[in-house]
>>> print(open('structure19.tsv').read())   # TSV, N, CA and C atoms
chain	number	residue	atom	x	y	z
B	283	MET	N	79.31	78.50	110.95
B	283	MET	CA	79.12	79.86	111.39
B	283	MET	C	80.45	80.61	111.23
B	284	THR	N	80.40	81.76	110.61
B	284	THR	CA	81.60	82.56	110.41
B	284	THR	C	81.77	83.55	111.56
B	285	PHE	N	82.93	84.16	111.63
B	285	PHE	CA	83.21	85.19	112.63
B	285	PHE	C	84.18	86.19	112.03
B	286	VAL	N	84.24	87.36	112.63
B	286	VAL	CA	85.15	88.41	112.17
B	286	VAL	C	86.37	88.41	113.09
B	287	LEU	N	87.53	88.40	112.48
B	287	LEU	CA	88.78	88.43	113.23
B	287	LEU	C	89.21	89.88	113.40
B	288	ASN	N	88.85	90.48	114.53
B	288	ASN	CA	89.24	91.87	114.80
B	288	ASN	C	90.51	91.88	115.66
B	289	ASP	N	91.03	93.08	115.93
B	289	ASP	CA	92.28	93.20	116.68
B	289	ASP	C	92.18	92.60	118.08
B	290	SER	N	91.06	92.80	118.73
B	290	SER	CA	90.88	92.27	120.08
B	290	SER	C	90.94	90.74	120.07
B	291	LEU	N	90.24	90.13	119.13
B	291	LEU	CA	90.24	88.67	119.03
B	291	LEU	C	91.63	88.16	118.63
B	292	LEU	N	92.29	88.87	117.73
B	292	LEU	CA	93.65	88.50	117.33
B	292	LEU	C	94.56	88.43	118.55
B	293	ASN	N	94.49	89.46	119.40
B	293	ASN	CA	95.35	89.50	120.59
B	293	ASN	C	95.02	88.38	121.56
B	294	LYS	N	93.73	88.07	121.70
B	294	LYS	CA	93.33	86.98	122.60
B	294	LYS	C	93.82	85.64	122.07
B	295	ILE	N	93.75	85.45	120.76
B	295	ILE	CA	94.22	84.20	120.17
B	295	ILE	C	95.73	84.08	120.34
B	296	GLN	N	96.45	85.18	120.13
B	296	GLN	CA	97.90	85.15	120.31
B	296	GLN	C	98.24	84.76	121.74
B	297	SER	N	97.58	85.35	122.71
B	297	SER	CA	97.82	85.00	124.12
B	297	SER	C	97.51	83.53	124.38
B	298	ALA	N	96.43	83.04	123.79
B	298	ALA	CA	96.05	81.64	123.97
B	298	ALA	C	97.10	80.70	123.37
B	299	LEU	N	97.66	81.07	122.23
B	299	LEU	CA	98.69	80.24	121.60
B	299	LEU	C	99.94	80.19	122.46
B	300	GLU	N	100.26	81.29	123.10
B	300	GLU	CA	101.46	81.35	123.94
B	300	GLU	C	101.26	80.61	125.26
B	301	ASN	N	100.03	80.34	125.62
B	301	ASN	CA	99.71	79.61	126.85
B	301	ASN	C	99.88	78.11	126.59
B	302	GLN	N	100.94	77.56	127.12
B	302	GLN	CA	101.23	76.14	126.90
B	302	GLN	C	100.52	75.24	127.92
B	303	GLU	N	99.82	75.85	128.87
B	303	GLU	CA	99.15	75.10	129.93
B	303	GLU	C	97.74	74.65	129.54
B	304	GLN	N	97.04	75.46	128.75
B	304	GLN	CA	95.64	75.20	128.41
B	304	GLN	C	95.46	75.21	126.89
B	305	LYS	N	94.43	74.52	126.44
B	305	LYS	CA	94.06	74.53	125.02
B	305	LYS	C	92.69	75.20	124.91
B	306	PHE	N	92.56	76.04	123.89
B	306	PHE	CA	91.32	76.79	123.70
B	306	PHE	C	90.73	76.52	122.32
B	307	VAL	N	89.44	76.76	122.22
B	307	VAL	CA	88.75	76.79	120.93
B	307	VAL	C	88.04	78.13	120.84
B	308	LEU	N	87.76	78.53	119.62
B	308	LEU	CA	87.04	79.77	119.41
B	308	LEU	C	85.55	79.47	119.29
B	309	ASP	N	84.77	80.14	120.08
B	309	ASP	CA	83.32	80.05	120.01
B	309	ASP	C	82.86	81.13	119.03
B	310	ALA	N	82.52	80.72	117.80
B	310	ALA	CA	82.17	81.68	116.75
B	310	ALA	C	80.86	82.40	117.04
B	311	LYS	N	79.97	81.76	117.76
B	311	LYS	CA	78.69	82.38	118.08
B	311	LYS	C	78.87	83.55	119.03
B	312	GLU	N	79.68	83.35	120.07
B	312	GLU	CA	79.91	84.39	121.08
B	312	GLU	C	81.16	85.22	120.77
B	313	CYS	N	81.98	84.76	119.83
B	313	CYS	CA	83.24	85.41	119.46
B	313	CYS	C	84.18	85.53	120.67
B	314	ILE	N	84.30	84.42	121.39
B	314	ILE	CA	85.19	84.36	122.55
B	314	ILE	C	85.98	83.07	122.50
B	315	LEU	N	87.03	83.01	123.30
B	315	LEU	CA	87.79	81.78	123.44
B	315	LEU	C	87.30	81.05	124.68
B	316	VAL	N	87.15	79.74	124.55
B	316	VAL	CA	86.75	78.91	125.68
B	316	VAL	C	87.73	77.74	125.77
B	317	GLU	N	87.93	77.28	126.99
B	317	GLU	CA	88.85	76.16	127.17
B	317	GLU	C	88.29	74.91	126.51
B	318	LYS	N	89.15	74.22	125.80
B	318	LYS	CA	88.77	72.98	125.12
B	318	LYS	C	88.52	71.91	126.18
B	319	SER	N	87.46	71.14	125.99
B	319	SER	CA	87.13	70.08	126.94
B	319	SER	C	86.47	68.94	126.18
B	320	ALA	N	86.08	67.92	126.91
B	320	ALA	CA	85.37	66.80	126.29
B	320	ALA	C	84.05	67.26	125.69
B	321	ASP	N	83.44	68.25	126.30
B	321	ASP	CA	82.14	68.76	125.81
B	321	ASP	C	82.30	69.82	124.72
B	322	ILE	N	83.44	70.48	124.71
B	322	ILE	CA	83.64	71.57	123.74
B	322	ILE	C	84.82	71.22	122.85
B	323	GLN	N	84.50	70.84	121.62
B	323	GLN	CA	85.49	70.43	120.62
B	323	GLN	C	85.19	71.15	119.30
B	324	ASP	N	86.18	71.18	118.43
B	324	ASP	CA	85.99	71.74	117.09
B	324	ASP	C	84.87	70.95	116.39
B	325	ASP	N	83.82	71.68	115.98
B	325	ASP	CA	82.73	71.03	115.27
B	325	ASP	C	82.54	71.62	113.87
B	326	GLY	N	83.40	72.58	113.50
B	326	GLY	CA	83.29	73.19	112.18
B	326	GLY	C	82.08	74.08	112.01
B	327	GLU	N	81.33	74.28	113.05
B	327	GLU	CA	80.14	75.12	113.02
B	327	GLU	C	80.28	76.27	114.01
B	328	ARG	N	80.17	75.92	115.27
B	328	ARG	CA	80.26	76.94	116.31
B	328	ARG	C	81.67	77.05	116.89
B	329	TYR	N	82.33	75.91	117.07
B	329	TYR	CA	83.65	75.89	117.71
B	329	TYR	C	84.74	75.56	116.69
B	330	TYR	N	85.84	76.29	116.81
B	330	TYR	CA	86.98	76.08	115.92
B	330	TYR	C	88.26	75.97	116.73
B	331	ASP	N	89.04	74.93	116.43
B	331	ASP	CA	90.36	74.81	117.04
B	331	ASP	C	91.22	75.98	116.61
B	332	LEU	N	92.04	76.46	117.51
B	332	LEU	CA	93.01	77.48	117.16
B	332	LEU	C	94.14	76.83	116.38
B	333	PRO	N	94.92	77.62	115.66
B	333	PRO	CA	96.03	77.01	114.92
B	333	PRO	C	97.03	76.39	115.88
B	334	GLU	N	97.72	75.37	115.43
B	334	GLU	CA	98.71	74.68	116.26
B	334	GLU	C	99.88	75.62	116.57
B	335	TRP	N	100.25	75.67	117.83
B	335	TRP	CA	101.44	76.42	118.25
B	335	TRP	C	101.99	75.72	119.48
B	336	ASP	N	103.22	75.27	119.39
B	336	ASP	CA	103.82	74.57	120.51
B	336	ASP	C	105.20	75.14	120.80
B	337	SER	N	105.91	74.53	121.74
B	337	SER	CA	107.22	75.05	122.13
B	337	SER	C	108.22	74.96	120.97
B	338	ALA	N	108.07	73.97	120.10
B	338	ALA	CA	108.96	73.87	118.94
B	338	ALA	C	108.76	75.07	118.00
B	339	ALA	N	107.53	75.50	117.84
B	339	ALA	CA	107.24	76.68	117.01
B	339	ALA	C	107.82	77.93	117.67
B	340	GLY	N	107.69	78.03	118.99
B	340	GLY	CA	108.26	79.15	119.72
B	340	GLY	C	109.77	79.18	119.62
B	341	PHE	N	110.39	78.02	119.68
B	341	PHE	CA	111.85	77.93	119.54
B	341	PHE	C	112.27	78.36	118.14
B	342	ALA	N	111.58	77.85	117.13
B	342	ALA	CA	111.91	78.20	115.75
B	342	ALA	C	111.76	79.70	115.51
B	343	LEU	N	110.75	80.30	116.09
B	343	LEU	CA	110.55	81.74	115.96
B	343	LEU	C	111.74	82.49	116.56
B	344	ARG	N	112.20	82.07	117.72
B	344	ARG	CA	113.35	82.71	118.36
B	344	ARG	C	114.62	82.52	117.53
B	345	GLU	N	114.78	81.33	117.00
B	345	GLU	CA	115.95	81.04	116.17
B	345	GLU	C	115.96	81.92	114.92
B	346	ASP	N	114.81	82.05	114.27
B	346	ASP	CA	114.70	82.91	113.09
B	346	ASP	C	115.03	84.36	113.43
B	347	PHE	N	114.52	84.82	114.58
B	347	PHE	CA	114.79	86.19	115.00
B	347	PHE	C	116.28	86.41	115.21
B	348	VAL	N	116.93	85.51	115.92
B	348	VAL	CA	118.36	85.65	116.20
B	348	VAL	C	119.15	85.71	114.89
B	349	ASN	N	118.72	84.95	113.90
B	349	ASN	CA	119.41	84.95	112.61
B	349	ASN	C	119.25	86.26	111.85
B	350	THR	N	118.31	87.11	112.25
B	350	THR	CA	118.13	88.40	111.58
B	350	THR	C	118.89	89.52	112.28
B	351	LEU	N	119.44	89.25	113.46
B	351	LEU	CA	120.07	90.31	114.26
B	351	LEU	C	121.36	90.82	113.64
B	352	ASN	N	121.53	92.14	113.72
B	352	ASN	CA	122.77	92.78	113.27
B	352	ASN	C	123.65	93.19	114.44
B	353	SER	N	123.23	92.89	115.64
B	353	SER	CA	123.99	93.21	116.84
B	353	SER	C	124.83	92.00	117.24
B	354	PRO	N	126.14	92.02	116.98
B	354	PRO	CA	126.98	90.84	117.23
B	354	PRO	C	126.94	90.34	118.67
B	355	LEU	N	126.96	91.24	119.65
B	355	LEU	CA	126.96	90.80	121.05
B	355	LEU	C	125.65	90.12	121.42
B	356	ALA	N	124.56	90.74	121.06
B	356	ALA	CA	123.25	90.16	121.35
B	356	ALA	C	123.06	88.86	120.58
B	357	HIS	N	123.49	88.85	119.34
B	357	HIS	CA	123.38	87.64	118.51
B	357	HIS	C	124.11	86.48	119.17
B	358	GLU	N	125.33	86.72	119.61
B	358	GLU	CA	126.13	85.66	120.22
B	358	GLU	C	125.50	85.18	121.54
B	359	ALA	N	125.06	86.11	122.37
B	359	ALA	CA	124.46	85.75	123.65
B	359	ALA	C	123.17	84.95	123.46
B	360	LEU	N	122.34	85.38	122.54
B	360	LEU	CA	121.07	84.68	122.30
B	360	LEU	C	121.31	83.33	121.62
B	361	GLN	N	122.31	83.27	120.77
B	361	GLN	CA	122.65	82.00	120.11
B	361	GLN	C	123.09	80.97	121.16
B	362	GLN	N	123.87	81.41	122.13
B	362	GLN	CA	124.31	80.52	123.20
B	362	GLN	C	123.11	80.00	124.00
B	363	VAL	N	122.16	80.89	124.28
B	363	VAL	CA	120.96	80.50	125.02
B	363	VAL	C	120.18	79.44	124.25
B	364	LEU	N	120.03	79.66	122.95
B	364	LEU	CA	119.24	78.73	122.14
B	364	LEU	C	119.85	77.32	122.11
B	365	HIS	N	121.15	77.25	122.31
B	365	HIS	CA	121.80	75.94	122.24
B	365	HIS	C	122.24	75.44	123.61
B	366	SER	N	121.68	76.04	124.65
B	366	SER	CA	122.09	75.68	126.01
B	366	SER	C	121.31	74.51	126.60
B	367	GLY	N	120.17	74.18	126.01
B	367	GLY	CA	119.39	73.05	126.54
B	367	GLY	C	118.20	73.50	127.35
B	368	ARG	N	118.28	73.39	128.65
B	368	ARG	CA	117.15	73.65	129.53
B	368	ARG	C	116.93	75.14	129.76
B	369	GLY	N	115.65	75.50	129.98
B	369	GLY	CA	115.31	76.88	130.34
B	369	GLY	C	115.52	77.89	129.23
B	370	VAL	N	115.42	77.46	128.00
B	370	VAL	CA	115.73	78.32	126.86
B	370	VAL	C	114.84	79.56	126.83
B	371	PHE	N	113.54	79.41	127.00
B	371	PHE	CA	112.63	80.56	126.87
B	371	PHE	C	112.87	81.59	127.98
B	372	LYS	N	113.03	81.11	129.19
B	372	LYS	CA	113.28	82.02	130.32
B	372	LYS	C	114.63	82.71	130.15
B	373	ASN	N	115.66	81.95	129.77
B	373	ASN	CA	116.98	82.53	129.58
B	373	ASN	C	117.01	83.51	128.41
B	374	PHE	N	116.23	83.21	127.38
B	374	PHE	CA	116.12	84.11	126.23
B	374	PHE	C	115.58	85.46	126.70
B	375	ARG	N	114.50	85.43	127.50
B	375	ARG	CA	113.92	86.66	128.05
B	375	ARG	C	114.94	87.41	128.91
B	376	ASN	N	115.67	86.67	129.72
B	376	ASN	CA	116.66	87.30	130.60
B	376	ASN	C	117.77	87.98	129.82
B	377	VAL	N	118.27	87.34	128.77
B	377	VAL	CA	119.33	87.94	127.96
B	377	VAL	C	118.80	89.18	127.24
B	378	LEU	N	117.57	89.13	126.77
B	378	LEU	CA	117.00	90.30	126.09
B	378	LEU	C	116.98	91.53	126.99
B	379	LYS	N	116.82	91.33	128.28
B	379	LYS	CA	116.80	92.47	129.22
B	379	LYS	C	118.12	93.24	129.20
B	380	ASP	N	119.21	92.59	128.81
B	380	ASP	CA	120.51	93.25	128.72
B	380	ASP	C	120.65	94.07	127.44
B	381	TYR	N	119.73	93.89	126.52
B	381	TYR	CA	119.77	94.58	125.22
B	381	TYR	C	118.39	95.17	124.92
B	382	PRO	N	118.05	96.31	125.52
B	382	PRO	CA	116.70	96.87	125.41
B	382	PRO	C	116.24	97.12	123.96
B	383	GLU	N	117.13	97.55	123.10
B	383	GLU	CA	116.74	97.79	121.70
B	383	GLU	C	116.42	96.48	120.99
B	384	VAL	N	117.21	95.48	121.27
B	384	VAL	CA	116.97	94.16	120.68
B	384	VAL	C	115.67	93.57	121.24
B	385	GLU	N	115.40	93.82	122.52
B	385	GLU	CA	114.17	93.35	123.13
B	385	GLU	C	112.95	93.96	122.44
B	386	LYS	N	113.02	95.25	122.13
B	386	LYS	CA	111.92	95.90	121.40
B	386	LYS	C	111.74	95.26	120.02
B	387	LYS	N	112.86	95.01	119.35
B	387	LYS	CA	112.80	94.38	118.02
B	387	LYS	C	112.19	92.98	118.12
B	388	TRP	N	112.55	92.25	119.19
B	388	TRP	CA	112.01	90.91	119.39
B	388	TRP	C	110.49	90.95	119.51
B	389	HIS	N	109.98	91.84	120.35
B	389	HIS	CA	108.54	91.89	120.55
B	389	HIS	C	107.81	92.27	119.26
B	390	LEU	N	108.36	93.19	118.51
B	390	LEU	CA	107.77	93.57	117.22
B	390	LEU	C	107.81	92.39	116.26
B	391	TYR	N	108.95	91.73	116.18
B	391	TYR	CA	109.13	90.58	115.30
B	391	TYR	C	108.14	89.46	115.66
B	392	LYS	N	108.11	89.12	116.96
B	392	LYS	CA	107.24	88.04	117.42
B	392	LYS	C	105.77	88.35	117.14
B	393	ASN	N	105.35	89.57	117.47
B	393	ASN	CA	103.94	89.93	117.26
B	393	ASN	C	103.58	89.90	115.78
B	394	THR	N	104.45	90.43	114.94
B	394	THR	CA	104.19	90.44	113.50
B	394	THR	C	104.08	89.02	112.95
B	395	LYS	N	105.02	88.17	113.32
B	395	LYS	CA	105.02	86.79	112.81
B	395	LYS	C	103.79	86.02	113.32
B	396	MET	N	103.46	86.18	114.59
B	396	MET	CA	102.32	85.45	115.14
B	396	MET	C	101.00	85.95	114.55
B	397	LEU	N	100.87	87.25	114.37
B	397	LEU	CA	99.64	87.79	113.79
B	397	LEU	C	99.49	87.34	112.34
B	398	ASN	N	100.59	87.29	111.61
B	398	ASN	CA	100.53	86.77	110.23
B	398	ASN	C	100.14	85.29	110.24
B	399	TYR	N	100.64	84.53	111.20
B	399	TYR	CA	100.32	83.10	111.33
B	399	TYR	C	98.83	82.92	111.62
B	400	ILE	N	98.32	83.70	112.54
B	400	ILE	CA	96.89	83.63	112.90
B	400	ILE	C	96.03	84.05	111.72
B	401	ASN	N	96.46	85.08	111.01
B	401	ASN	CA	95.71	85.53	109.84
B	401	ASN	C	95.68	84.45	108.75
B	402	GLY	N	96.77	83.71	108.60
B	402	GLY	CA	96.79	82.60	107.64
B	402	GLY	C	95.77	81.54	108.01
B	403	TRP	N	95.68	81.23	109.31
B	403	TRP	CA	94.67	80.28	109.81
B	403	TRP	C	93.27	80.80	109.49
B	404	TYR	N	93.04	82.07	109.75
B	404	TYR	CA	91.72	82.67	109.51
B	404	TYR	C	91.39	82.62	108.02
B	405	ASN	N	92.37	82.92	107.18
B	405	ASN	CA	92.12	82.87	105.73
B	405	ASN	C	91.81	81.46	105.26
B	406	ASN	N	92.43	80.46	105.88
B	406	ASN	CA	92.09	79.07	105.53
B	406	ASN	C	90.64	78.77	105.89
B	407	LEU	N	90.18	79.28	107.04
B	407	LEU	CA	88.77	79.11	107.41
B	407	LEU	C	87.87	79.84	106.42
B	408	ARG	N	88.25	81.05	106.05
B	408	ARG	CA	87.43	81.82	105.10
B	408	ARG	C	87.29	81.06	103.78
B	409	GLU	N	88.36	80.42	103.38
B	409	GLU	CA	88.31	79.64	102.13
B	409	GLU	C	87.32	78.48	102.27
B	410	VAL	N	87.34	77.81	103.41
B	410	VAL	CA	86.40	76.72	103.68
B	410	VAL	C	84.97	77.25	103.66
B	411	TRP	N	84.77	78.46	104.16
B	411	TRP	CA	83.44	79.08	104.21
B	411	TRP	C	83.01	79.61	102.84
B	412	GLY	N	83.90	79.55	101.85
B	412	GLY	CA	83.57	80.07	100.52
B	412	GLY	C	83.74	81.57	100.41
B	413	LEU	N	84.52	82.15	101.31
B	413	LEU	CA	84.76	83.60	101.29
B	413	LEU	C	86.16	83.90	100.76
B	414	GLU	N	86.34	85.10	100.29
B	414	GLU	CA	87.64	85.49	99.76
B	414	GLU	C	88.61	85.77	100.90
B	415	LYS	N	89.89	85.49	100.65
B	415	LYS	CA	90.91	85.73	101.66
B	415	LYS	C	91.09	87.23	101.87
B	416	LEU	N	91.49	87.58	103.07
B	416	LEU	CA	91.74	88.98	103.40
B	416	LEU	C	93.23	89.22	103.54
B	417	ASP	N	93.66	90.39	103.13
B	417	ASP	CA	95.06	90.77	103.34
B	417	ASP	C	95.19	91.32	104.75
B	418	TYR	N	96.24	90.91	105.41
B	418	TYR	CA	96.51	91.45	106.75
B	418	TYR	C	97.82	92.23	106.67
B	419	VAL	N	97.74	93.49	107.03
B	419	VAL	CA	98.94	94.31	107.03
B	419	VAL	C	99.18	94.75	108.48
B	420	PRO	N	100.26	94.25	109.09
B	420	PRO	CA	100.50	94.62	110.48
B	420	PRO	C	100.80	96.10	110.63
B	421	GLU	N	100.39	96.67	111.76
B	421	GLU	CA	100.64	98.09	112.00
B	421	GLU	C	102.11	98.31	112.25
>>> encode(input="structure19.tsv", output="structure tokens")
Amino acid sequence: MTFVLNDSLLNKIQSALENQEQKFVLDAKECILVEKSADIQDDGERYYDLPEWDSAAGFALREDFVNTLNSPLAHEALQQVLHSGRGVFKNFRNVLKDYPEVEKKWHLYKNTKMLNYINGWYNNLREVWGLEKLDYVPE
């Protein structure tokens, strides 16, 4: 069963990927996300696993972002956070609060990268379904 990946579903999938506490699958029939359980698993028909996203992927995303920064102070502060060990994600958020413009750039960067990642997953499914890939152009 195929489904249409609209903006609302994209945002829900992004939120689900960022949720490290629960695992979700997409119910293609209802076009909703449901918590993965023993009864609800990827079956290639109605239910589909979401793309893999873990803390290592989140760390790599932050590292890539920091490497693109042109703000030396923010770059140095965020670089220190990334190599500090514990509490990296929380400390990263806290440091961003000191640099509002960099924080805006981070959210734009993160959303663009994650939406492109989700779109790649969707295009892989479309290929399996025998459909042509779609171009995704972020707003």
>>> atom_distance(input="structure19.tsv", atom1="atom N of Pro354 in chain B", atom2="atom N of Arg368 in chain B")
23.3 Å
>>> residues_around(input="structure19.tsv", residues="Lys305 in chain B", least_positions_apart="2", cutoff="7 Å", atoms="all atoms listed in the file", output="VMD selection string")
chain B and resid 301 to 303 307 316 to 319
>>> closest_atom_pairs(input="structure19.tsv", of="range 309-366 of chain B", to="range 404-414 of chain B", cutoff="12 Å", atoms="only C-alpha atoms", output="Markdown table")
| residue | atom | partner | partner_atom | distance |
| --- | --- | --- | --- | --- |
| B:Ala310 | CA | B:Leu407 | CA | 11.7 |
| B:Gly326 | CA | B:Leu407 | CA | 9.4 |
| B:Glu327 | CA | B:Trp411 | CA | 10.2 |
| B:Tyr329 | CA | B:Leu407 | CA | 11.9 |
| B:Tyr330 | CA | B:Leu407 | CA | 9.2 |
| B:Asp331 | CA | B:Leu407 | CA | 10.7 |
| B:Leu332 | CA | B:Tyr404 | CA | 9.3 |
| B:Pro333 | CA | B:Tyr404 | CA | 8.9 |
>>> write_last_selection(input="structure19.tsv", atoms="N, CA and C atoms", output="JSON list (two decimals), in the frame of the given file")
[["chain", "number", "residue", "atom", "x", "y", "z"],
["B", 310, "ALA", "N", 82.52, 80.72, 117.80],
["B", 310, "ALA", "CA", 82.17, 81.68, 116.75],
["B", 310, "ALA", "C", 80.86, 82.40, 117.04],
["B", 326, "GLY", "N", 83.40, 72.58, 113.50],
["B", 326, "GLY", "CA", 83.29, 73.19, 112.18],
["B", 326, "GLY", "C", 82.08, 74.08, 112.01],
["B", 327, "GLU", "N", 81.33, 74.28, 113.05],
["B", 327, "GLU", "CA", 80.14, 75.12, 113.02],
["B", 327, "GLU", "C", 80.28, 76.27, 114.01],
["B", 329, "TYR", "N", 82.33, 75.91, 117.07],
["B", 329, "TYR", "CA", 83.65, 75.89, 117.71],
["B", 329, "TYR", "C", 84.74, 75.56, 116.69],
["B", 330, "TYR", "N", 85.84, 76.29, 116.81],
["B", 330, "TYR", "CA", 86.98, 76.08, 115.92],
["B", 330, "TYR", "C", 88.26, 75.97, 116.73],
["B", 331, "ASP", "N", 89.04, 74.93, 116.43],
["B", 331, "ASP", "CA", 90.36, 74.81, 117.04],
["B", 331, "ASP", "C", 91.22, 75.98, 116.61],
["B", 332, "LEU", "N", 92.04, 76.46, 117.51],
["B", 332, "LEU", "CA", 93.01, 77.48, 117.16],
["B", 332, "LEU", "C", 94.14, 76.83, 116.38],
["B", 333, "PRO", "N", 94.92, 77.62, 115.66],
["B", 333, "PRO", "CA", 96.03, 77.01, 114.92],
["B", 333, "PRO", "C", 97.03, 76.39, 115.88]]
>>> atom_distance(input="structure19.tsv", atom1="CA of Asp324 in chain B", atom2="CA of Asp309 in chain B")
9.2 Å
>>> atom_distance(input="structure19.tsv", atom1="atom C of Glu312 in chain B", atom2="atom N of Lys395 in chain B")
25.2 Å
>>> select_by_dssp(input="structure19.tsv", residues="range 313-359 of chain B", states="helix (DSSP H, G or I)", output="PyMOL selection string")
chain B and resi 337-350+354-359
>>> residues_around(input="structure19.tsv", residues="Phe374 in chain B", least_positions_apart="4", cutoff="7 Å", atoms="all atoms listed in the file", output="PyMOL selection string")
chain B and resi 360+363-364+369-370+378-379
>>> select_by_dssp(input="structure19.tsv", residues="range 304-398 of chain B", states="strand (DSSP E or B)", output="PyMOL selection string")
chain B and resi 306-309+314-317+329-331
>>> closest_residue(input="structure19.tsv", among="B:Phe371, B:Tyr381, B:Ile314, B:Gly402", to="Gly340 in chain B", atoms="all atoms listed in the file")
B:Phe371
>>> closest_residue(input="structure19.tsv", among="B:Asp346, B:Glu358, B:Asp417, B:Asp321", to="Trp388 in chain B", atoms="only C-alpha atoms")
B:Asp346
>>> residues_around(input="structure19.tsv", residues="Leu343 in chain B", least_positions_apart="6", cutoff="8 Å", atoms="only N, CA and C atoms", output="ChimeraX atom specification")
/B:337,349,391-392
>>> closest_residue(input="structure19.tsv", among="B:Asn376, B:Val384, B:Ile322, B:Phe285", to="Phe306 in chain B", atoms="only N, CA and C atoms")
B:Ile322
>>> axis_aligned_box(input="structure19.tsv", around="range 370-386 of chain B", padding_each_side="3 Å", output="AutoDock Vina command-line options")
--center_x 116.2 --center_y 87.6 --center_z 125.3 --size_x 14.9 --size_y 26.3 --size_z 16.6
>>> closest_residue(input="structure19.tsv", among="B:Leu390, B:Val377, B:Leu308, B:Leu299", to="Asp336 in chain B", atoms="all atoms listed in the file")
B:Leu299
>>> decode(input="structure19.tsv", residues="range 368-406 of chain B", atoms="C-alpha atoms", output="CSV table (one decimal), in the first residue's frame")
chain,number,residue,atom,x,y,z
B,368,ARG,CA,28.3,14.0,28.6
B,369,GLY,CA,25.2,16.1,28.0
B,370,VAL,CA,26.2,17.1,24.5
B,371,PHE,CA,22.7,17.7,23.1
B,372,LYS,CA,21.5,19.7,26.1
B,373,ASN,CA,24.7,21.7,26.3
B,374,PHE,CA,24.5,22.3,22.5
B,375,ARG,CA,21.0,23.8,22.9
B,376,ASN,CA,22.2,25.9,25.9
B,377,VAL,CA,25.2,27.4,23.9
B,378,LEU,CA,22.9,28.2,21.0
B,379,LYS,CA,20.8,30.4,23.2
B,380,ASP,CA,23.9,32.7,23.6
B,381,TYR,CA,24.0,33.1,19.8
B,382,PRO,CA,20.4,33.8,18.5
B,383,GLU,CA,21.4,34.1,14.8
B,384,VAL,CA,23.4,30.9,14.9
B,385,GLU,CA,20.4,29.2,16.7
B,386,LYS,CA,18.1,30.2,13.8
B,387,LYS,CA,20.7,28.9,11.3
B,388,TRP,CA,20.9,25.6,13.3
B,389,HIS,CA,17.1,25.1,13.2
B,390,LEU,CA,17.0,25.8,9.4
B,391,TYR,CA,20.0,23.5,8.8
B,392,LYS,CA,18.6,20.7,10.9
B,393,ASN,CA,15.1,20.8,9.4
B,394,THR,CA,16.5,20.9,5.8
B,395,LYS,CA,18.8,18.0,6.4
B,396,MET,CA,16.2,15.9,8.2
B,397,LEU,CA,13.5,16.6,5.6
B,398,ASN,CA,16.0,15.6,2.8
B,399,TYR,CA,16.8,12.4,4.7
B,400,ILE,CA,13.1,11.5,5.1
B,401,ASN,CA,12.5,12.3,1.5
B,402,GLY,CA,15.3,10.0,0.5
B,403,TRP,CA,13.6,7.2,2.6
B,404,TYR,CA,10.3,8.0,0.9
B,405,ASN,CA,11.9,7.8,-2.6
B,406,ASN,CA,13.4,4.5,-1.8
